[in-house]
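To start, the structure itself, in structure tokens.
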Amino acid sequence: MLYFTRWRALGIILTALIVCLCAVPNFFPEAQVKTWPAWAQRRLVLGLDLQGGSYLLLEVDSNYVKKEKLDQIRDDVRRVLREAKIGYTGLSSKGDAVEVRVKDTDLQNALAKLRDLSQPLGGLLGSNGQRSLEVSDAGGGLIRLTVPQAAITERVRQTIEQSIQIVERRVNQLGTVEPVIQRQGTDRILVQVPGLQDPTRLKELLGKTAKMEFRMVDASVPPDQAQKGSLPPESELLMSASSPKVPYVVKKQVLVSGGDLTDAQPGFDQRTGEPIVSFKFNTSGARKFAQATQENVGLPFAIVLDNEVISAPVIREPITGGQGQISGSFTVQSANDLAILLRAGALPAPLTVIEERTVGPGLGQDSIEKGELAAYVGSIMVIVFMLLTYRLFGVFANIAVAINVAMIFGLLSLLNATLTLPGIAGIVLTVGIAVDSNVLIYERIREELRGGRNAISAIDAGFKRALATILDSNITTFIAAAVLFYIGTGPVRGFAVTLGIGIITTVFTAFTLTRLIVAWWVRWKRPQSVPI
């Protein structure tokens with residue numbers, strides 16, 4: 001156990017040195033680190049509780065998801081029955097179901113066609129034989145298409161996953177560092193943005209669905225008559241986004257949706273100097289937009305964002321290049337925010353802020369100072385204890401523990417991990433665990449000495465026989481850290497990461513580095529007794 005070949009010893013030293021060097025960027029200003037090569041820019045990111053920032057808990061509107069699902073089913077029913085040339089009446093949504101009435105002679109054909117709309121639910125639910133739609137004959141030619149609760153739950157889950165991706169894109173557009181965006185529960189999203197002290201703009205960005213649509217303005221009905229209730233069934237009344245509010249009668253048919261946008265950039269109108277947003281369609285969107293503008297030259301069309309008209313220009317000539325611009329009462333920031341929303345894409349459902357917290361930089365700095373103080377006090381007490389108890393071997397243990405802590409910071413930096421206050425607690429705890437491994441080894445050496453072994457034999461047996469005990473204790477602790485990581489959220493995961501990495505480095509330093517130092521000392525001194 002005490003014999004090391006030259007190459008093995010060199011490998012241990014180089015491994016420890018390289019991992020420790022990964023922590024070096026944390027000791028230089030961020031602006032200076034950014035001038036270094038990309039591979040050398042990895043560093044720790046301070047969490048929300050250490051550098052301050054904004055915390056938002058968002059909830060998806062489940063009722064909206066349900067309504068969208070029923071609207072989609074209603075449209076599918078209309079399409080299927082028209083394609084099959086089956087006459088129908090009374091197509092409507094009631095509760096969790098869509099109902100439609102057909103003639104008795106067409107009933108069986110209609111049931112067969114509509115049952116094709118029902119699909120097995122994916123994931124674990126699919127193994128239970130549950131389907132996305134239950135199609136039944138309610139009697140008298142009435143067909144009822146019911147959405148089971150399992151299908152609603154699955155749709156909410158899909159909406160959450162899609163919303164997380166869009167929220168992440170929107171937050172990243174703000175230029176923030178290492179935001180934390182993750183699912184919480186069944187219908188909530190946790191957003192933590194370190195360094196962002198004003199959550200107002202963040203709430204505005206995340207609170208908008210950003211569902212953009214290009215529709216024609218219905219010029220056949222004056223807005224004042226529409227406000228009195230005189231609305232054609234294929235049109236609806238929308239208000240302008242800017243103040244004072246202006247009513248518009250807009251056709252429900254969507255010419256082009258925001259999903260066909262590929263890019264959106266803020267800019268300035270060359271003629272008026274006003275802020276605008278320039279947009280670009282994909283191939284499909286460009287084709288649909290060109291066709292719509294060719295067929296409606298001289299007529300106004302509405303650019304609708306979240307059911308508000310942000311602009312209603314008149315089509316002067318066909319727009320065939322797949323590009324255009326949105327003008328209105330924009331400020332520079334509102335134009336930039338709109339471009340961010342359009343680039344990131346529309347949320348599949350509205351998000352509501354149900355919890356909001358802002359951590360100031362002063363509180364974060366206080367947390368850092370308290371965490372550092374706890375780390376220093378704990379480390380000093382451990383160092384003193386080891387020196388008083390094990391003398392020279394305590395020095396060896398303290399050297400190994402110092403390298404162990406440096407390796408933890410190096411690995412965290414290599415992973416670009418976020419360091420939180422519980423993470424600091426995990427590092428302090430790791431110091432104790434690392435020393436505990438050395439205590440087990442040294443106490444085993446003492447037992448071997450009391451058993452009559454000579455110095456070198458006792459040292460060798462101490463390392464060899466303590467191995468199983470140390471591995472057992474560290475593996476069980478690592479399993480606990482892994483469970484905390486996979487089940488926990490936020491700061492709990494930060495604690496689990498530092499604890500897990502600390503256990504790995506502890507095993508490395510206890511059975512390679514400490515043993516190498518002791519082996520060198522034994523080769524140099526050839527001791528007859530152990531100063532322990």
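Labels used: A, B, ... for chains in the order of the structure tokens, numbers from 1 for residues in each chain, and numbers from 1 for ligands as shown.
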
Compile a residue-level contact table for segment 389-453 of chain A against segment 522-531 of chain A at a cut-off of 9 Å, reporting for every qualifying residue the shortest atom pair and its distance in Å to one decimal, with only C-alpha atoms counted, rows ordered by chain and ascending number, as CSV.
```
residue,atom,partner,partner_atom,distance
A:Tyr390,CA,A:Pro531,CA,7.4
A:Arg391,CA,A:Pro531,CA,6.8
A:Leu392,CA,A:Pro531,CA,6.3
A:Phe393,CA,A:Pro531,CA,7.2
A:Ile445,CA,A:Val530,CA,8.9
A:Arg446,CA,A:Val530,CA,8.8
A:Leu449,CA,A:Val530,CA,8.5
```

Gln51 of chain A surroundings by only C-alpha atoms, 8 Å radius, close-in-sequence under 2 positions cut, as a PDB file with C-alpha atoms, in the first residue's frame:
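Written out: result08.pdb:
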```pdb
ATOM      1  CA  LEU A  46     -22.855  32.770  -7.394  1.00  0.00           C
ATOM      2  CA  GLY A  47     -26.445  31.784  -6.747  1.00  0.00           C
ATOM      3  CA  LEU A  48     -29.401  34.039  -6.025  1.00  0.00           C
ATOM      4  CA  ASP A  49     -28.820  33.946  -2.266  1.00  0.00           C
ATOM      5  CA  GLY A  53     -31.444  38.743  -7.912  1.00  0.00           C
ATOM      6  CA  PRO A 194     -29.103  36.039 -10.189  1.00  0.00           C
ATOM      7  CA  GLY A 195     -27.947  39.638 -10.529  1.00  0.00           C
ATOM      8  CA  GLY A 360     -30.697  42.570  -2.674  1.00  0.00           C
ATOM      9  CA  PRO A 361     -26.933  42.484  -3.235  1.00  0.00           C
ATOM     10  CA  GLY A 364     -26.215  38.353  -0.696  1.00  0.00           C
ATOM     11  CA  GLN A 365     -22.915  39.911   0.423  1.00  0.00           C
TER      12      GLN A 365
END
```

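Excluding Asp71 of chain A itself and any same-chain residue fewer than 6 positions from it, the protein and nucleic acid residues within 10 Å of it, counting only C-alpha atoms, are Val65, Val77, Ser92, Ser93 and Val98 of chain A.
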
Prev. selection, C-alpha atoms, output as a PDB file, in the first residue's frame:
```pdb
ATOM      1  CA  VAL A  65     -55.063  24.744 -21.644  1.00  0.00           C
ATOM      2  CA  VAL A  77     -64.614  17.565 -35.683  1.00  0.00           C
ATOM      3  CA  SER A  92     -70.377  23.209 -29.364  1.00  0.00           C
ATOM      4  CA  SER A  93     -68.304  22.717 -26.191  1.00  0.00           C
ATOM      5  CA  VAL A  98     -67.584  18.574 -27.428  1.00  0.00           C
TER       6      VAL A  98
END
```

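Nearest residue to Pro491 of chain A, choosing from A:Val401, A:Leu50, A:Lys203, A:Asp306 and counting only C-alpha atoms: A:Leu50.
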
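Residue nearest Tyr88 of chain A within the list A:Thr105, A:Thr418, A:Asn296, A:Ser473: A:Thr105 [criterion: smallest interatomic distance, only C-alpha atoms].
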